[in-house]
>>> print(open('my_file12.cif').read())   # mmCIF, C-alpha atoms
data_query
#
loop_
_atom_site.label_atom_id
_atom_site.label_comp_id
_atom_site.auth_asym_id
_atom_site.auth_seq_id
_atom_site.Cartn_x
_atom_site.Cartn_y
_atom_site.Cartn_z
CA MET A 1 -43.82 -4.28 -32.99
CA LYS A 2 -40.71 -3.16 -34.82
CA TYR A 3 -39.70 0.28 -35.95
CA VAL A 4 -38.65 0.11 -39.54
CA LYS A 5 -36.73 3.03 -40.98
CA SER A 6 -39.11 5.29 -42.80
CA SER A 7 -38.68 6.24 -46.39
CA TYR A 8 -38.05 9.81 -45.26
CA SER A 9 -34.92 8.89 -43.32
CA ARG A 10 -33.64 6.96 -46.27
CA TYR A 11 -34.18 10.00 -48.37
CA LEU A 12 -32.24 12.18 -45.91
CA LYS A 13 -29.29 9.84 -46.15
CA LYS A 14 -29.37 10.15 -49.87
CA LEU A 15 -29.42 13.92 -49.59
CA LYS A 16 -26.23 13.92 -47.57
CA CYS A 17 -24.45 11.84 -50.18
CA SER A 18 -25.70 13.51 -53.27
CA ASN A 19 -27.97 16.47 -53.75
CA PRO A 20 -30.63 16.19 -56.44
CA ASN A 21 -30.41 19.94 -57.08
CA GLY A 22 -26.68 19.77 -57.60
CA SER A 23 -25.83 21.99 -54.56
CA SER A 24 -24.40 21.03 -51.19
CA VAL A 25 -26.82 20.61 -48.28
CA ARG A 26 -24.90 22.75 -45.81
CA ALA A 27 -24.75 25.87 -47.89
CA PRO A 28 -27.63 25.78 -50.30
CA TYR A 29 -28.04 28.53 -52.82
CA GLY A 30 -30.78 29.14 -55.31
CA SER A 31 -33.85 27.17 -54.39
CA VAL A 32 -33.57 27.28 -50.60
CA ASN A 33 -37.23 26.92 -49.91
CA GLU A 34 -37.44 23.60 -51.64
CA LEU A 35 -34.83 22.06 -49.44
CA ILE A 36 -36.35 23.35 -46.21
CA THR A 37 -39.68 21.81 -47.00
CA HIS A 38 -37.94 18.44 -47.33
CA LYS A 39 -36.26 18.87 -43.96
CA GLN A 40 -39.44 19.25 -41.99
CA PHE A 41 -39.48 17.32 -38.73
CA LYS A 42 -41.12 13.94 -38.83
CA LEU A 43 -41.46 11.60 -35.89
CA VAL A 44 -39.77 8.23 -36.33
CA LEU A 45 -39.42 6.94 -32.77
CA PRO A 46 -41.55 7.98 -29.77
CA MET A 47 -39.94 10.92 -27.99
CA VAL A 48 -39.50 9.31 -24.59
CA LEU A 49 -36.42 8.92 -22.40
CA LYS A 50 -34.99 5.44 -21.90
CA ASP A 51 -35.56 3.39 -18.77
CA ASN A 52 -31.85 2.92 -18.07
CA ILE A 53 -28.65 4.92 -17.92
CA SER A 54 -25.08 4.01 -18.73
CA GLY A 55 -22.89 3.89 -15.65
CA LYS A 56 -19.86 5.29 -17.42
CA GLY A 57 -19.60 8.94 -16.53
CA SER A 58 -20.77 9.16 -12.96
CA ASN A 59 -20.21 12.63 -11.60
CA LEU A 60 -20.40 11.59 -7.98
CA LYS A 61 -17.72 13.46 -6.09
CA PRO A 62 -15.31 11.24 -4.17
CA ASP A 63 -15.29 11.90 -0.45
CA TYR A 64 -11.99 11.84 1.37
CA PRO A 65 -12.57 9.98 4.62
CA CYS A 66 -10.19 10.43 7.58
CA ILE A 67 -7.77 12.70 5.69
CA GLU A 68 -8.07 15.52 8.24
CA SER A 69 -7.41 13.23 11.19
CA MET A 70 -4.52 11.66 9.25
CA ASN A 71 -2.88 15.05 8.72
CA VAL A 72 -3.27 15.92 12.40
CA MET A 73 -1.71 12.60 13.37
CA ILE A 74 1.24 12.94 10.98
CA ASN A 75 1.94 16.47 12.25
CA CYS A 76 1.96 15.20 15.83
CA LEU A 77 4.34 12.37 14.92
CA LYS A 78 6.67 14.72 13.08
CA ILE A 79 6.89 17.17 15.98
CA ASN A 80 7.64 14.40 18.50
CA ASP A 81 10.32 12.62 16.40
CA TYR A 82 7.99 9.73 15.50
CA ASN A 83 7.45 8.81 19.11
CA GLU A 84 3.91 7.50 19.53
CA ALA A 85 3.54 7.92 23.29
CA PRO A 86 2.67 11.66 23.37
CA CYS A 87 0.11 11.50 20.54
CA GLY A 88 -2.00 8.56 21.62
CA THR A 89 -5.33 10.37 21.24
CA GLU A 90 -4.63 11.42 17.65
CA ILE A 91 -3.66 7.89 16.63
CA LYS A 92 -6.74 6.44 18.33
CA GLU A 93 -8.99 8.96 16.60
CA PHE A 94 -7.53 8.14 13.18
CA THR A 95 -7.68 4.36 13.53
CA GLU A 96 -11.25 4.47 14.85
CA CYS A 97 -12.27 6.74 11.99
CA PHE A 98 -10.88 4.30 9.43
CA GLN A 99 -12.46 1.30 11.14
CA LYS A 100 -15.84 3.03 11.13
CA TYR A 101 -15.48 3.95 7.45
CA SER A 102 -14.50 0.43 6.35
CA SER A 103 -17.33 -1.17 8.34
CA ASP A 104 -19.82 1.30 6.85
CA VAL A 105 -18.69 0.49 3.32
CA LYS A 106 -18.98 -3.23 4.00
CA LEU A 107 -22.49 -2.83 5.38
CA ALA A 108 -23.58 -0.66 2.43
CA ASP A 109 -22.28 -3.23 -0.06
CA GLU A 110 -24.10 -6.05 1.67
CA GLN A 111 -27.34 -4.10 1.72
CA ALA A 112 -26.99 -3.02 -1.91
CA LYS A 113 -26.94 -6.70 -2.93
CA LYS A 114 -30.29 -7.14 -1.19
CA GLY A 115 -31.64 -4.00 -2.81
CA ILE A 116 -31.58 -1.66 0.18
CA TYR A 117 -30.04 1.81 -0.19
CA ASN A 118 -29.55 4.33 2.59
CA ILE A 119 -30.14 7.69 0.96
CA ASN A 120 -30.80 11.09 2.51
CA GLU A 121 -33.71 13.28 1.48
CA ASN A 122 -31.50 16.26 0.67
CA GLN A 123 -29.11 14.25 -1.51
CA SER A 124 -28.80 15.58 -5.04
CA LYS A 125 -26.70 12.83 -6.61
CA PHE A 126 -27.30 9.11 -6.26
CA PRO A 127 -25.35 5.90 -6.84
CA ILE A 128 -25.86 4.39 -10.30
CA LYS A 129 -27.30 1.06 -9.17
CA PHE A 130 -29.93 2.89 -7.16
CA MET A 131 -30.83 5.02 -10.21
CA GLN A 132 -31.17 1.91 -12.40
CA LYS A 133 -33.45 0.30 -9.86
CA MET A 134 -35.72 3.34 -9.54
CA LEU A 135 -35.91 3.84 -13.33
CA LYS A 136 -37.02 0.22 -13.76
CA GLU A 137 -39.60 0.55 -11.02
CA TYR A 138 -41.15 3.80 -12.25
CA LYS A 139 -41.08 3.59 -16.04
CA THR A 140 -41.71 6.63 -18.18
CA PRO A 141 -45.18 6.55 -19.80
CA ARG A 142 -44.98 5.96 -23.53
CA LYS A 143 -47.77 7.91 -25.18
CA VAL A 144 -47.57 10.35 -28.05
CA ASP A 145 -50.24 12.98 -28.63
CA ASP A 146 -53.15 11.00 -27.18
CA GLY A 147 -52.33 8.12 -29.47
CA PRO A 148 -52.18 4.41 -28.68
CA ASP A 149 -49.85 2.96 -26.02
CA LEU A 150 -46.44 2.09 -27.42
CA PRO A 151 -44.49 -0.94 -26.24
CA HIS A 152 -41.40 -0.66 -24.07
CA MET B 1 -17.68 -49.55 -16.00
CA LEU B 2 -14.28 -50.38 -14.63
CA ASN B 3 -13.24 -46.75 -14.74
CA SER B 4 -16.27 -45.51 -12.90
CA GLY B 5 -15.75 -48.11 -10.19
CA LEU B 6 -12.15 -47.04 -9.71
CA LEU B 7 -13.12 -43.41 -9.48
CA SER B 8 -15.63 -44.02 -6.73
CA LEU B 9 -13.08 -46.12 -4.86
CA GLU B 10 -10.53 -43.34 -5.13
CA ARG B 11 -12.99 -40.83 -3.81
CA LYS B 12 -13.70 -43.00 -0.79
CA PHE B 13 -9.99 -43.38 -0.17
CA LEU B 14 -9.35 -39.64 -0.31
CA SER B 15 -12.25 -38.74 1.94
CA ASN B 16 -10.48 -40.40 4.85
CA PHE B 17 -7.50 -38.08 4.53
CA PHE B 18 -9.10 -34.65 4.06
CA ARG B 19 -11.77 -33.31 6.34
CA VAL B 20 -14.30 -31.52 4.18
CA TYR B 21 -16.99 -29.31 5.64
CA SER B 22 -19.83 -27.93 3.62
CA GLN B 23 -19.47 -24.16 3.47
CA ASN B 24 -22.98 -23.23 4.53
CA THR B 25 -23.49 -25.42 7.58
CA ALA B 26 -20.11 -25.82 9.28
CA GLN B 27 -19.04 -23.23 11.83
CA ARG B 28 -15.79 -22.19 13.45
CA PRO B 29 -15.42 -23.48 17.00
CA ILE B 30 -15.81 -20.93 19.80
CA ILE B 31 -12.44 -20.44 21.46
CA ASP B 32 -13.08 -17.42 23.69
CA LYS B 33 -14.34 -18.72 27.02
CA SER B 34 -16.42 -15.65 27.87
CA GLU B 35 -18.33 -16.12 24.62
CA LEU B 36 -18.97 -19.78 25.48
CA ASP B 37 -20.57 -18.88 28.80
CA SER B 38 -22.87 -16.32 27.21
CA ILE B 39 -24.58 -18.82 24.87
CA LYS B 40 -28.15 -19.68 25.87
CA SER B 41 -29.80 -23.10 25.79
CA ASP B 42 -32.07 -22.24 22.85
CA ASP B 43 -29.21 -21.09 20.63
CA LEU B 44 -29.17 -22.72 17.18
CA ARG B 45 -25.42 -23.31 17.37
CA HIS B 46 -25.97 -26.25 19.73
CA TYR B 47 -27.40 -28.31 16.87
CA GLN B 48 -25.08 -27.30 14.00
CA VAL B 49 -21.92 -28.89 12.64
CA VAL B 50 -18.72 -27.47 14.15
CA GLU B 51 -15.25 -27.60 12.65
CA ALA B 52 -12.32 -29.09 14.53
CA PRO B 53 -10.04 -26.49 16.22
CA ASP B 54 -6.98 -25.43 14.26
CA GLY B 55 -3.65 -26.70 15.56
CA TYR B 56 -2.98 -25.54 19.10
CA GLU B 57 -6.20 -23.56 19.51
CA SER B 58 -7.70 -24.19 22.93
CA ASN B 59 -9.56 -22.72 25.89
CA ALA B 60 -6.47 -22.86 28.11
CA MET B 61 -5.28 -19.81 30.03
CA SER B 62 -1.89 -19.90 28.33
CA TYR B 63 -3.47 -19.66 24.88
CA ASP B 64 -3.53 -16.32 23.12
CA PRO B 65 -4.92 -15.80 19.59
CA ARG B 66 -2.28 -13.20 18.71
CA MET B 67 0.49 -15.54 19.79
CA HIS B 68 -1.12 -18.34 17.78
CA LYS B 69 -1.07 -16.18 14.66
CA PHE B 70 2.57 -15.22 15.33
CA ILE B 71 3.57 -18.89 15.45
CA LYS B 72 1.70 -19.62 12.24
CA ILE B 73 3.59 -16.86 10.42
CA LEU B 74 6.94 -18.00 11.82
CA MET B 75 6.31 -21.58 10.66
CA LYS B 76 8.16 -23.01 7.65
CA ASN B 77 7.16 -26.06 5.61
CA GLY B 78 4.25 -26.85 7.92
CA ASN B 79 6.53 -27.61 10.85
CA SER B 80 4.35 -26.06 13.53
CA TYR B 81 5.87 -28.13 16.35
CA LEU B 82 9.26 -26.48 15.76
CA ALA B 83 7.78 -23.01 15.45
CA ARG B 84 5.90 -23.43 18.72
CA ASN B 85 9.03 -24.72 20.42
CA LEU B 86 11.09 -21.74 19.24
CA VAL B 87 8.60 -19.22 20.61
CA ASP B 88 8.32 -21.09 23.91
CA LYS B 89 12.09 -21.07 24.28
CA ALA B 90 12.23 -17.38 23.45
CA LEU B 91 9.63 -16.62 26.15
CA TYR B 92 11.64 -18.73 28.62
CA ASN B 93 14.77 -16.74 27.70
CA ILE B 94 12.97 -13.45 28.27
CA LYS B 95 11.87 -14.60 31.70
CA LEU B 96 15.43 -15.57 32.67
CA LYS B 97 16.91 -12.29 31.45
CA GLN B 98 14.34 -10.08 33.11
CA VAL B 99 14.53 -11.92 36.44
CA GLU B 100 18.31 -11.65 36.36
CA ARG B 101 18.04 -7.91 35.78
CA TYR B 102 15.49 -7.70 38.57
CA ASN B 103 17.75 -9.40 41.07
CA LYS B 104 20.81 -7.32 40.14
CA THR B 105 19.14 -3.95 40.69
CA GLU B 106 19.29 -2.79 44.29
CA ASP B 107 16.90 0.18 44.23
CA GLU B 108 13.41 -0.95 45.08
CA SER B 109 11.79 1.88 43.11
CA LYS B 110 13.66 0.78 39.97
CA ARG B 111 12.83 -2.85 40.63
CA LYS B 112 9.12 -2.26 40.36
CA GLU B 113 9.47 -0.81 36.87
CA ILE B 114 11.00 -4.00 35.46
CA GLU B 115 8.46 -6.21 33.68
CA THR B 116 9.06 -9.93 34.23
CA ASN B 117 5.95 -11.43 32.60
CA PRO B 118 7.17 -12.68 29.17
CA MET B 119 3.66 -12.85 27.72
CA ARG B 120 3.03 -9.21 28.58
CA ILE B 121 6.39 -8.25 27.08
CA PHE B 122 5.53 -10.09 23.87
CA LEU B 123 2.12 -8.42 23.49
CA ASN B 124 3.45 -4.93 24.29
CA ALA B 125 6.33 -5.39 21.85
CA MET B 126 3.79 -6.29 19.15
CA ASP B 127 1.75 -3.21 20.00
CA ASN B 128 4.83 -0.99 19.78
CA THR B 129 5.86 -2.27 16.34
CA LYS B 130 2.44 -1.92 14.74
CA PRO B 131 2.68 0.60 11.90
CA ILE B 132 -0.27 2.93 11.30
CA LEU B 133 0.28 3.97 7.69
CA LYS B 134 1.69 2.25 4.65
CA VAL B 135 2.59 3.43 1.16
CA ILE B 136 1.22 2.02 -2.09
CA GLY B 137 2.21 2.73 -5.68
CA LEU B 138 -0.41 4.37 -7.89
CA ILE B 139 -0.05 5.39 -11.51
CA LYS B 140 -1.95 8.47 -12.59
CA SER B 141 -1.60 10.06 -16.04
CA GLY B 142 1.70 8.28 -16.65
CA ILE B 143 3.38 9.32 -13.40
CA SER B 144 3.71 6.89 -10.50
CA TYR B 145 2.96 8.27 -7.06
CA GLN B 146 3.48 6.76 -3.62
CA VAL B 147 0.29 7.26 -1.71
CA PRO B 148 -0.02 6.88 2.10
CA VAL B 149 -2.96 4.69 3.09
CA PRO B 150 -4.37 3.48 6.40
CA MET B 151 -4.35 -0.23 7.18
CA SER B 152 -6.80 -2.68 8.70
CA GLU B 153 -6.15 -4.07 12.16
CA LYS B 154 -5.32 -7.49 10.71
CA GLU B 155 -2.72 -6.10 8.33
CA ARG B 156 -1.09 -3.99 11.05
CA GLU B 157 -0.70 -7.09 13.20
CA PHE B 158 0.85 -8.97 10.26
CA LYS B 159 3.32 -6.18 9.49
CA ALA B 160 4.43 -6.09 13.13
CA THR B 161 5.18 -9.84 13.11
CA ARG B 162 7.07 -9.44 9.85
CA PHE B 163 9.24 -6.65 11.29
CA ILE B 164 10.10 -8.63 14.41
CA LEU B 165 10.83 -11.89 12.56
CA THR B 166 12.93 -10.39 9.74
CA SER B 167 14.98 -8.21 12.08
CA SER B 168 15.72 -11.15 14.36
CA ARG B 169 16.69 -13.35 11.39
CA GLU B 170 19.07 -10.67 10.06
CA LYS B 171 21.24 -10.82 13.17
CA ASP B 172 24.39 -12.88 13.82
CA LYS B 173 24.12 -16.45 12.48
CA SER B 174 26.22 -18.03 15.24
CA VAL B 175 23.50 -17.23 17.79
CA ARG B 176 20.39 -19.38 18.12
CA PHE B 177 17.14 -18.04 16.73
CA TYR B 178 15.25 -18.12 20.04
CA ASP B 179 17.99 -16.05 21.69
CA LYS B 180 17.79 -13.46 18.93
CA LEU B 181 14.00 -13.39 19.10
CA ALA B 182 14.12 -12.84 22.87
CA ASP B 183 16.54 -9.92 22.47
CA GLU B 184 14.45 -8.39 19.72
CA LEU B 185 11.24 -8.63 21.74
CA ILE B 186 12.81 -6.99 24.79
CA GLU B 187 14.20 -4.21 22.61
CA ALA B 188 10.85 -3.63 20.96
CA PHE B 189 9.20 -3.58 24.40
CA ASN B 190 11.46 -0.64 25.28
CA ASN B 191 10.78 1.14 21.94
CA GLN B 192 14.26 0.41 20.59
CA GLY B 193 15.86 -1.90 18.07
CA LYS B 194 15.65 -2.72 14.39
CA SER B 195 11.96 -3.54 14.19
CA ILE B 196 10.97 -0.18 15.69
CA LYS B 197 13.34 1.56 13.27
CA LYS B 198 11.64 -0.18 10.34
CA LYS B 199 8.27 1.07 11.51
CA VAL B 200 9.56 4.65 11.86
CA ASP B 201 11.03 4.50 8.34
CA MET B 202 7.62 3.49 7.05
CA HIS B 203 6.02 6.47 8.81
CA LYS B 204 8.67 8.83 7.43
CA LEU B 205 7.95 7.66 3.89
CA ALA B 206 4.25 8.26 4.43
CA GLU B 207 4.95 11.74 5.83
CA ALA B 208 7.07 12.67 2.80
CA ASN B 209 4.25 11.70 0.40
CA ARG B 210 1.28 12.96 2.36
CA ALA B 211 0.44 15.58 -0.28
CA TYR B 212 -0.83 12.74 -2.48
CA ALA B 213 -3.10 11.27 0.20
CA HIS B 214 -6.31 12.24 -1.62
CA PHE B 215 -5.26 10.34 -4.79
CA ARG B 216 -6.37 7.10 -3.18
CA TRP B 217 -10.01 8.15 -3.21
CA ALA B 218 -10.02 10.05 -6.48
CA LYS B 219 -11.53 8.74 -9.69
CA LYS B 220 -9.07 7.06 -12.00
#
>>> encode(input="my_file12.cif", output="structure tokens")
Amino acid sequence: MKYVKSSYSRYLKKLKCSNPNGSSVRAPYGSVNELITHKQFKLVLPMVLKDNISGKGSNLKPDYPCIESMNVMINCLKINDYNEAPCGTEIKEFTECFQKYSSDVKLADEQAKKGIYNINENQSKFPIKFMQKMLKEYKTPRKVDDGPDLPH
Amino acid sequence: MLNSGLLSLERKFLSNFFRVYSQNTAQRPIIDKSELDSIKSDDLRHYQVVEAPDGYESNAMSYDPRMHKFIKILMKNGNSYLARNLVDKALYNIKLKQVERYNKTEDESKRKEIETNPMRIFLNAMDNTKPILKVIGLIKSGISYQVPVPMSEKEREFKATRFILTSSREKDKSVRFYDKLADELIEAFNNQGKSIKKKVDMHKLAEANRAYAHFRWAKK
């Protein structure tokens, strides 16, 4: 089933270009009531949200892994004239932190390819691929005012 | 018909020169001996295709994977025999120099501090020259920043070999390479020398630009 543009929408387009009453649409004067009756809302497409989102503007905040331990380590190095012997614990902490982070990212990428996502219950924002998957799985019902089922 | 026959002949000819393993089935050989002992009889790896070991890889006690990688990076034009020889001679030189120093010192307390195992000197020198941070260029809103970033273990190892090799090549040309390498390794073992200085310079650059550290993770 296809949605063809209704005659009403075609008429609206005409109105924008040229007004039959001879006045502009934005600031009508004279017969205001006539115009308003023409502009009554009419449903063209079913008022349902789409089953996908564009991945352009993701508002997920970037997390800064290991930056605190890096600052601690650099401070230690600077105090000791870049001698690594006295600050062995700081260096170890930093390198282990980065190793853990990189291995976690690798694991998450591998699991995302299979379709597995590790997500907390209290999380408010989700990765886009996960959102796409869930939206496809649980589609929004397409029914308008107890009418017939509309196709997706 | 003639063409197709030639092509198949060519393919047969080439297959004798290049070993080709299928990517899914072939496996790297197990070189660590402790890992070999731990494999059970019902392990699947007993029945799978295994690649030939690479170059001088072996189970021998003298073999070290870090040393093997060092030789591979030193090599030029695929001449691995020469590269291996140079490193062996350098290790031999280190042994001679350290034993000489050991015999000349008279205090027994000072004697014990001197390390005479060349392999241990080599590995410790590599550990000392490993940098922790590096700096990468990043353009943001038309301005280029130098952002300090952590490195993977593999990259750190590679940078350390680069520092040692370049600083030993920079030295006097009248001296043999294996002599220079031996000197450089002993210096790096004692936290001195050019290669250590290069590492410290790298850290200083990272310290100067540490205010931009969060740019790495930010959205572009």
>>> closest_residue(input="my_file12.cif", among="A:Leu77, A:Leu43, A:Met131, A:Val48", to="chain B", atoms="only C-alpha atoms")
A:Leu77
>>> resolve_selection(input="my_file12.cif", expression="the PyMOL selection byres ((chain A) within 9 of (chain B))", output="list in words")
Lys61, Pro62, Asp63, Tyr64, Pro65, Ile67, Met70, Asn71, Ile74, Asn75, Leu77, Lys78, Tyr82, Asn83, Glu84, Ile91, Phe94, Thr95, Phe98, Gln99 and Ser102 of chain A
>>> residues_around(input="my_file12.cif", residues="A:Lys136", least_positions_apart="2", cutoff="12 Å", atoms="only C-alpha atoms", output="list of chain:residue names")
A:Lys50, A:Asp51, A:Asn52, A:Ile53, A:Lys129, A:Phe130, A:Met131, A:Gln132, A:Lys133, A:Met134, A:Tyr138, A:Lys139, A:Thr140, A:Pro141, A:His152
>>> resolve_selection(input="my_file12.cif", expression="the PyMOL selection byres ((chain B and resi 73-88) around 12)", output="PyMOL selection string")
chain B and resi 54-56+62-63+66-72+89-95+118-119+122+157-166+168-169+176-182+185
>>> write_last_selection(input="my_file12.cif", atoms="C-alpha atoms", output="mmCIF file, in the frame of the given file")
data_model
loop_
_atom_site.group_PDB
_atom_site.id
_atom_site.type_symbol
_atom_site.label_atom_id
_atom_site.label_comp_id
_atom_site.auth_asym_id
_atom_site.auth_seq_id
_atom_site.Cartn_x
_atom_site.Cartn_y
_atom_site.Cartn_z
ATOM 1 C CA ASP B 54 -6.980 -25.430 14.260
ATOM 2 C CA GLY B 55 -3.650 -26.700 15.560
ATOM 3 C CA TYR B 56 -2.980 -25.540 19.100
ATOM 4 C CA SER B 62 -1.890 -19.900 28.330
ATOM 5 C CA TYR B 63 -3.470 -19.660 24.880
ATOM 6 C CA ARG B 66 -2.280 -13.200 18.710
ATOM 7 C CA MET B 67 0.490 -15.540 19.790
ATOM 8 C CA HIS B 68 -1.120 -18.340 17.780
ATOM 9 C CA LYS B 69 -1.070 -16.180 14.660
ATOM 10 C CA PHE B 70 2.570 -15.220 15.330
ATOM 11 C CA ILE B 71 3.570 -18.890 15.450
ATOM 12 C CA LYS B 72 1.700 -19.620 12.240
ATOM 13 C CA LYS B 89 12.090 -21.070 24.280
ATOM 14 C CA ALA B 90 12.230 -17.380 23.450
ATOM 15 C CA LEU B 91 9.630 -16.620 26.150
ATOM 16 C CA TYR B 92 11.640 -18.730 28.620
ATOM 17 C CA ASN B 93 14.770 -16.740 27.700
ATOM 18 C CA ILE B 94 12.970 -13.450 28.270
ATOM 19 C CA LYS B 95 11.870 -14.600 31.700
ATOM 20 C CA PRO B 118 7.170 -12.680 29.170
ATOM 21 C CA MET B 119 3.660 -12.850 27.720
ATOM 22 C CA PHE B 122 5.530 -10.090 23.870
ATOM 23 C CA GLU B 157 -0.700 -7.090 13.200
ATOM 24 C CA PHE B 158 0.850 -8.970 10.260
ATOM 25 C CA LYS B 159 3.320 -6.180 9.490
ATOM 26 C CA ALA B 160 4.430 -6.090 13.130
ATOM 27 C CA THR B 161 5.180 -9.840 13.110
ATOM 28 C CA ARG B 162 7.070 -9.440 9.850
ATOM 29 C CA PHE B 163 9.240 -6.650 11.290
ATOM 30 C CA ILE B 164 10.100 -8.630 14.410
ATOM 31 C CA LEU B 165 10.830 -11.890 12.560
ATOM 32 C CA THR B 166 12.930 -10.390 9.740
ATOM 33 C CA SER B 168 15.720 -11.150 14.360
ATOM 34 C CA ARG B 169 16.690 -13.350 11.390
ATOM 35 C CA ARG B 176 20.390 -19.380 18.120
ATOM 36 C CA PHE B 177 17.140 -18.040 16.730
ATOM 37 C CA TYR B 178 15.250 -18.120 20.040
ATOM 38 C CA ASP B 179 17.990 -16.050 21.690
ATOM 39 C CA LYS B 180 17.790 -13.460 18.930
ATOM 40 C CA LEU B 181 14.000 -13.390 19.100
ATOM 41 C CA ALA B 182 14.120 -12.840 22.870
ATOM 42 C CA LEU B 185 11.240 -8.630 21.740
#
>>> atom_distance(input="my_file12.cif", atom1="atom CA of A:Met73", atom2="atom CA of B:Leu123")
23.6 Å
>>> axis_aligned_box(input="my_file12.cif", around="stretch 135-149 of chain B", padding_each_side="6 Å", output="JSON")
{"center_x": 0.4, "center_y": 6.0, "center_z": -6.8, "size_x": 18.7, "size_y": 20.0, "size_z": 31.7}
>>> atom_distance(input="my_file12.cif", atom1="atom CA of B:Ile31", atom2="atom CA of B:Glu57")
7.2 Å
>>> residues_around(input="my_file12.cif", residues="stretch 43-49 of chain B", least_positions_apart="3", cutoff="8 Å", atoms="only C-alpha atoms", output="list in words")
Thr25, Ala26, Gln27, Ile39 and Lys40 of chain B
>>> closest_residue(input="my_file12.cif", among="A:Asn118, A:Gln111, A:Gln123, A:Ser69", to="A:Cys97", atoms="all atoms listed in the file")
A:Ser69
>>> atom_distance(input="my_file12.cif", atom1="atom CA of A:Met47", atom2="atom CA of A:Leu135")
16.8 Å
>>> residues_around(input="my_file12.cif", residues="B:Ser144", least_positions_apart="4", cutoff="12 Å", atoms="all atoms listed in the file", output="list in words")
Ile136, Gly137, Leu138, Ile139, Lys140, Asn209, Tyr212 and Phe215 of chain B
>>> decode(input="my_file12.cif", residues="stretch 92-130 of chain A", atoms="C-alpha atoms", output="PDB file, in the first residue's frame")
ATOM      1  CA  LYS A  92      52.288  -0.314  37.268  1.00  0.00           C
ATOM      2  CA  GLU A  93      48.855   1.009  38.201  1.00  0.00           C
ATOM      3  CA  PHE A  94      48.640   3.106  35.030  1.00  0.00           C
ATOM      4  CA  THR A  95      49.797   0.393  32.631  1.00  0.00           C
ATOM      5  CA  GLU A  96      47.471  -2.189  34.174  1.00  0.00           C
ATOM      6  CA  CYS A  97      44.573   0.253  33.961  1.00  0.00           C
ATOM      7  CA  PHE A  98      45.193   0.807  30.251  1.00  0.00           C
ATOM      8  CA  GLN A  99      45.600  -2.907  29.558  1.00  0.00           C
ATOM      9  CA  LYS A 100      42.302  -3.633  31.297  1.00  0.00           C
ATOM     10  CA  TYR A 101      40.543  -0.875  29.349  1.00  0.00           C
ATOM     11  CA  SER A 102      41.851  -2.022  25.951  1.00  0.00           C
ATOM     12  CA  SER A 103      40.958  -5.660  26.643  1.00  0.00           C
ATOM     13  CA  ASP A 104      37.454  -4.625  27.746  1.00  0.00           C
ATOM     14  CA  VAL A 105      36.914  -2.644  24.552  1.00  0.00           C
ATOM     15  CA  LYS A 106      38.097  -5.570  22.444  1.00  0.00           C
ATOM     16  CA  LEU A 107      35.752  -7.961  24.232  1.00  0.00           C
ATOM     17  CA  ALA A 108      32.789  -5.584  23.891  1.00  0.00           C
ATOM     18  CA  ASP A 109      33.409  -5.188  20.149  1.00  0.00           C
ATOM     19  CA  GLU A 110      33.578  -8.933  19.643  1.00  0.00           C
ATOM     20  CA  GLN A 111      30.364  -9.471  21.557  1.00  0.00           C
ATOM     21  CA  ALA A 112      28.570  -6.636  19.750  1.00  0.00           C
ATOM     22  CA  LYS A 113      29.198  -8.438  16.450  1.00  0.00           C
ATOM     23  CA  LYS A 114      27.415 -11.483  17.859  1.00  0.00           C
ATOM     24  CA  GLY A 115      24.587  -9.325  19.171  1.00  0.00           C
ATOM     25  CA  ILE A 116      25.409  -9.383  22.878  1.00  0.00           C
ATOM     26  CA  TYR A 117      25.477  -6.108  24.826  1.00  0.00           C
ATOM     27  CA  ASN A 118      26.485  -5.703  28.451  1.00  0.00           C
ATOM     28  CA  ILE A 119      24.219  -2.986  29.792  1.00  0.00           C
ATOM     29  CA  ASN A 120      23.432  -1.976  33.362  1.00  0.00           C
ATOM     30  CA  GLU A 121      19.897  -1.602  34.651  1.00  0.00           C
ATOM     31  CA  ASN A 122      20.445   1.951  35.843  1.00  0.00           C
ATOM     32  CA  GLN A 123      21.942   3.128  32.550  1.00  0.00           C
ATOM     33  CA  SER A 124      20.095   6.048  30.997  1.00  0.00           C
ATOM     34  CA  LYS A 125      21.876   6.258  27.639  1.00  0.00           C
ATOM     35  CA  PHE A 126      22.643   3.341  25.352  1.00  0.00           C
ATOM     36  CA  PRO A 127      24.912   2.648  22.386  1.00  0.00           C
ATOM     37  CA  ILE A 128      23.251   3.247  19.003  1.00  0.00           C
ATOM     38  CA  LYS A 129      23.589  -0.288  17.663  1.00  0.00           C
ATOM     39  CA  PHE A 130      21.862  -1.618  20.750  1.00  0.00           C
TER      40      PHE A 130
END
